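K.L.:
After the structure tokens below, expect a handful of questions from me.
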Protein chains: 2
Amino acid sequence: MSAPDNATRLPGGRTARVRADVLAAVEVELAEHGYDGLSIDGVAARSGVHRTTVYRRFGSVAGLLVDLLMAAGDDDWPPADTGSLEGDLIGLNREVYDALTAEPSLTAAVIAASFRTPEAAEALTRFWEDRHDRGAAVITRAVDRGELPAGTDARRVLIAATAPVYYQLVLLRQPMTRAQADQFARDAAAGQLTRGA
Amino acid sequence: MSAPDNATRLPGGRTARVRADVLAAVEVELAEHGYDGLSIDGVAARSGVHRTTVYRRFGSVAGLLVDLLMAAGDDDWPPADTGSLEGDLIGLNREVYDALTAEPSLTAAVIAASFRTPEAAEALTRFWEDRHDRGAAVITRAVDRGELPAGTDARRVLIAATAPVYYQLVLLRQPMTRAQADQFARDAAAGQLTRGA
């Protein structure tokens with residue numbers, strides 16, 4: 001999940017600033033106009049970075065999306081520790097809910113773009129699998145507290161909680177309240193706790 | 001969810017045959033080539049229906065997709081009755097799993113197309129909501145058996161069971177075994193049964 005070329009070797013340097021400026025422009029352009037409105041020229045204009053530099057560094061619109069997802073995965077995100085499996089899953093679902101209901105939603109735009117270019121789809125898969133790896137801390141803590149048996153499949157629990165929020169908002173394209181997102185997390189926790197330690 | 005114009009009024013007539021031929025061609029073209037490979041000309045060639053007839057009846061590629069989904073919703077699908085909430089949800093998840101893992105998968109192609117044209121997205125939403133309406137029989141039966149309390153939100157239970165299969169196969173784009181699809185159904189059933197009657 002490391003960044004390409006010398007952006008990471010010069011964290012405070014011009015290269016890193018160019019990358020940050022370009023990716024900030026990609027976020028705005030993508031969220032506002034979607035994949036069809038995303039172009040190297042538009043990103044160059046918005047970022048103030050010369051278009052030949054954008055071309056050289058990112059190569060294509062797909063390259064911009066891949067780098068955006070790699071940069072997003074370079075954060076230090078941990079799942080919130082609320083002291084219970086149910087509370088932690090509610091916390092995760094609220095993060096997903098907030099990201100998907102933002103106006104405009106960059107996350108929704110990236111998901112839509114993943115149906116347009118295989119590179120973005122692969123980068124999105126890697127981003128989410130990294131999130132699942134880090135989110136596994138929620139299940140580890142629940143095992144440590146005695147809420148869940150050792151060996152519980154963390155990925156399965158995380159997907160059971162969050163998938164309904166993605167499905168309803170992204171695929172079914174129907175509104176959802178935050179209380180409904182919470183309820184899906186409660187249901188997922190209850191589904192695990194019945195077979196708890 | 002009724003079909004447009006006179007296709008349904010002349011069930012054995014030429015109009016109905018033309019519609020059936022065109023939609024069969026849409027299914028094959030879409031599953032094989034995806035949205036980008038779907039064209040009025042290609043559908044006309046494959047179906048043997050004159051392209052001006054296809055244009056007149058369906059208007060556009062989006063019109064073909066909308067009609068395909070309307071026709072798909074005109075079936076007499078009921079959820080399988082296995083005698084238990086868990087069994088019924090496993091049955092639903094296997095149907096979703098089989099549709100999404102077919103080679104090629106028409107369902108996956110339709111979902112991808114829904115990110116390309118708002119008309120297809122709306123038609124897909126209507127198709128799924130109709131499926132949820134009919135799938136509610138699963139929850140009604142569970143209430144009648146005393147497995148679930150009266151007033152249980154049927155849609156929430158159906159989404160909790162099936163959403164993980166859609167999420168993992170369509171959005172996360174990761175493989176899944178049928179046993180994993182079953183397990184998501186079991187988890188969803190368990191999440192409800194803990195607060196059962």
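Each chain in the structure tokens gets a letter, A, B and so on, in the order shown; residues start at 1 in every chain, and ligands are counted from 1 in the order they appear.
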When the cut-off is 8 Å and we count only C-alpha atoms, which residues of chain B are near chain A, given as a PyMOL selection string?

P.N.:
chain B and resi 111-112+115+121+124-125+128+156+159-160+163-164+166-168+171-174+184+187-192+194

K.L.:
Store the residues picked out above in a file with C-alpha atoms, as an mmCIF file, in the first residue's frame.

P.N.:
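Output saved as selection_17.cif:
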```cif
data_model
loop_
_atom_site.group_PDB
_atom_site.id
_atom_site.type_symbol
_atom_site.label_atom_id
_atom_site.label_comp_id
_atom_site.auth_asym_id
_atom_site.auth_seq_id
_atom_site.Cartn_x
_atom_site.Cartn_y
_atom_site.Cartn_z
ATOM 1 C CA ILE B 111 -25.872 -4.126 -11.834
ATOM 2 C CA ALA B 112 -22.829 -2.727 -13.651
ATOM 3 C CA PHE B 115 -24.076 2.719 -12.868
ATOM 4 C CA ALA B 121 -30.796 2.106 -11.985
ATOM 5 C CA LEU B 124 -33.259 -2.272 -10.966
ATOM 6 C CA THR B 125 -34.489 -0.606 -7.781
ATOM 7 C CA TRP B 128 -35.412 -5.526 -6.228
ATOM 8 C CA ARG B 156 -34.439 -5.481 7.090
ATOM 9 C CA ILE B 159 -31.308 -7.272 3.302
ATOM 10 C CA ALA B 160 -29.265 -8.503 6.276
ATOM 11 C CA ALA B 163 -26.501 -7.898 1.213
ATOM 12 C CA PRO B 164 -23.219 -9.628 2.200
ATOM 13 C CA TYR B 166 -23.902 -8.753 -3.171
ATOM 14 C CA TYR B 167 -21.215 -6.787 -1.329
ATOM 15 C CA GLN B 168 -18.529 -9.470 -1.498
ATOM 16 C CA LEU B 171 -18.519 -4.460 -4.818
ATOM 17 C CA LEU B 172 -15.533 -6.121 -3.153
ATOM 18 C CA ARG B 173 -15.184 -8.376 -6.232
ATOM 19 C CA GLN B 174 -13.810 -11.254 -4.214
ATOM 20 C CA PHE B 184 -24.267 -15.168 5.914
ATOM 21 C CA ASP B 187 -25.854 -15.249 10.750
ATOM 22 C CA ALA B 188 -28.797 -13.097 9.635
ATOM 23 C CA ALA B 189 -31.288 -15.645 10.956
ATOM 24 C CA ALA B 190 -29.432 -15.879 14.261
ATOM 25 C CA GLY B 191 -29.397 -12.095 14.574
ATOM 26 C CA GLN B 192 -33.186 -12.101 14.425
ATOM 27 C CA THR B 194 -32.103 -13.877 19.516
#
```

K.L.:
At a cut-off of 12 Å, using only C-alpha atoms, what residues contact Gly37 in chain B? Leave out same-chain residues fewer than 3 positions from it and give the result as a list in words.

P.N.:
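With the cut-off at 12 Å, the set is Val26, Glu27, Val28, Glu29, Leu30, Ala31, Glu32, His33, Gly34, Ile40, Asp41, Gly42, Val43, Val61, Ala109 and Ala113 of chain B.
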
K.L.:
For the residues selected in the previous step, produce a file with N, CA and C atoms as a PDB file, in the first residue's frame.

P.N.:
```
ATOM      1  N   VAL B  26     -30.865  -9.316 -25.866  1.00  0.00           N
ATOM      2  CA  VAL B  26     -30.286  -8.365 -24.911  1.00  0.00           C
ATOM      3  C   VAL B  26     -29.554  -9.123 -23.806  1.00  0.00           C
ATOM      4  N   GLU B  27     -30.187 -10.170 -23.305  1.00  0.00           N
ATOM      5  CA  GLU B  27     -29.562 -10.962 -22.225  1.00  0.00           C
ATOM      6  C   GLU B  27     -28.195 -11.481 -22.656  1.00  0.00           C
ATOM      7  N   VAL B  28     -28.135 -12.064 -23.841  1.00  0.00           N
ATOM      8  CA  VAL B  28     -26.877 -12.664 -24.300  1.00  0.00           C
ATOM      9  C   VAL B  28     -25.831 -11.585 -24.559  1.00  0.00           C
ATOM     10  N   GLU B  29     -26.240 -10.529 -25.247  1.00  0.00           N
ATOM     11  CA  GLU B  29     -25.289  -9.459 -25.581  1.00  0.00           C
ATOM     12  C   GLU B  29     -24.758  -8.786 -24.315  1.00  0.00           C
ATOM     13  N   LEU B  30     -25.652  -8.536 -23.370  1.00  0.00           N
ATOM     14  CA  LEU B  30     -25.242  -7.852 -22.140  1.00  0.00           C
ATOM     15  C   LEU B  30     -24.323  -8.739 -21.308  1.00  0.00           C
ATOM     16  N   ALA B  31     -24.719 -10.000 -21.138  1.00  0.00           N
ATOM     17  CA  ALA B  31     -23.906 -10.903 -20.320  1.00  0.00           C
ATOM     18  C   ALA B  31     -22.531 -11.116 -20.956  1.00  0.00           C
ATOM     19  N   GLU B  32     -22.492 -11.181 -22.292  1.00  0.00           N
ATOM     20  CA  GLU B  32     -21.213 -11.465 -22.959  1.00  0.00           C
ATOM     21  C   GLU B  32     -20.326 -10.234 -23.109  1.00  0.00           C
ATOM     22  N   HIS B  33     -20.948  -9.090 -23.397  1.00  0.00           N
ATOM     23  CA  HIS B  33     -20.145  -7.916 -23.738  1.00  0.00           C
ATOM     24  C   HIS B  33     -20.267  -6.759 -22.755  1.00  0.00           C
ATOM     25  N   GLY B  34     -21.208  -6.847 -21.810  1.00  0.00           N
ATOM     26  CA  GLY B  34     -21.379  -5.759 -20.862  1.00  0.00           C
ATOM     27  C   GLY B  34     -22.078  -4.570 -21.491  1.00  0.00           C
ATOM     28  N   ILE B  40     -28.187  -1.214 -30.072  1.00  0.00           N
ATOM     29  CA  ILE B  40     -29.423  -1.535 -30.794  1.00  0.00           C
ATOM     30  C   ILE B  40     -29.087  -2.401 -32.011  1.00  0.00           C
ATOM     31  N   ASP B  41     -28.032  -2.045 -32.717  1.00  0.00           N
ATOM     32  CA  ASP B  41     -27.670  -2.806 -33.912  1.00  0.00           C
ATOM     33  C   ASP B  41     -27.296  -4.253 -33.566  1.00  0.00           C
ATOM     34  N   GLY B  42     -26.509  -4.424 -32.506  1.00  0.00           N
ATOM     35  CA  GLY B  42     -26.101  -5.774 -32.113  1.00  0.00           C
ATOM     36  C   GLY B  42     -27.290  -6.622 -31.700  1.00  0.00           C
ATOM     37  N   VAL B  43     -28.215  -6.006 -30.949  1.00  0.00           N
ATOM     38  CA  VAL B  43     -29.409  -6.723 -30.503  1.00  0.00           C
ATOM     39  C   VAL B  43     -30.281  -7.077 -31.705  1.00  0.00           C
ATOM     40  N   VAL B  61     -30.606   1.933 -25.789  1.00  0.00           N
ATOM     41  CA  VAL B  61     -30.005   0.862 -24.987  1.00  0.00           C
ATOM     42  C   VAL B  61     -30.601   0.878 -23.581  1.00  0.00           C
ATOM     43  N   ALA B 109     -24.016  -8.098 -14.828  1.00  0.00           N
ATOM     44  CA  ALA B 109     -23.963  -7.146 -15.943  1.00  0.00           C
ATOM     45  C   ALA B 109     -25.025  -6.062 -15.789  1.00  0.00           C
ATOM     46  N   ALA B 113     -24.458  -2.100 -15.357  1.00  0.00           N
ATOM     47  CA  ALA B 113     -25.136  -1.160 -16.251  1.00  0.00           C
ATOM     48  C   ALA B 113     -25.914  -0.100 -15.480  1.00  0.00           C
TER      49      ALA B 113
END
```

K.L.:
Determine which residues of range 13-99 of chain A DSSP labels as alpha helix (DSSP H) from the backbone of this structure, then write them out as an MDAnalysis selection string.

P.N.:
chainID A and resid 14:33 40:47 51:58 61:73 85:99

K.L.:
What is the CA of Thr117 in chain B to CA of Leu64 in chain B distance in Å?

P.N.:
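Atom-to-atom, CA of Thr117 in chain B to CA of Leu64 in chain B, that is 11.5 Å.
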
K.L.:
For Tyr55 in chain B, which of B:Glu86, B:Arg19, B:Arg178, B:Leu92 is the closest residue, counting only C-alpha atoms?

P.N.:
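Distance minimum relative to Tyr55 in chain B lands on B:Arg19.
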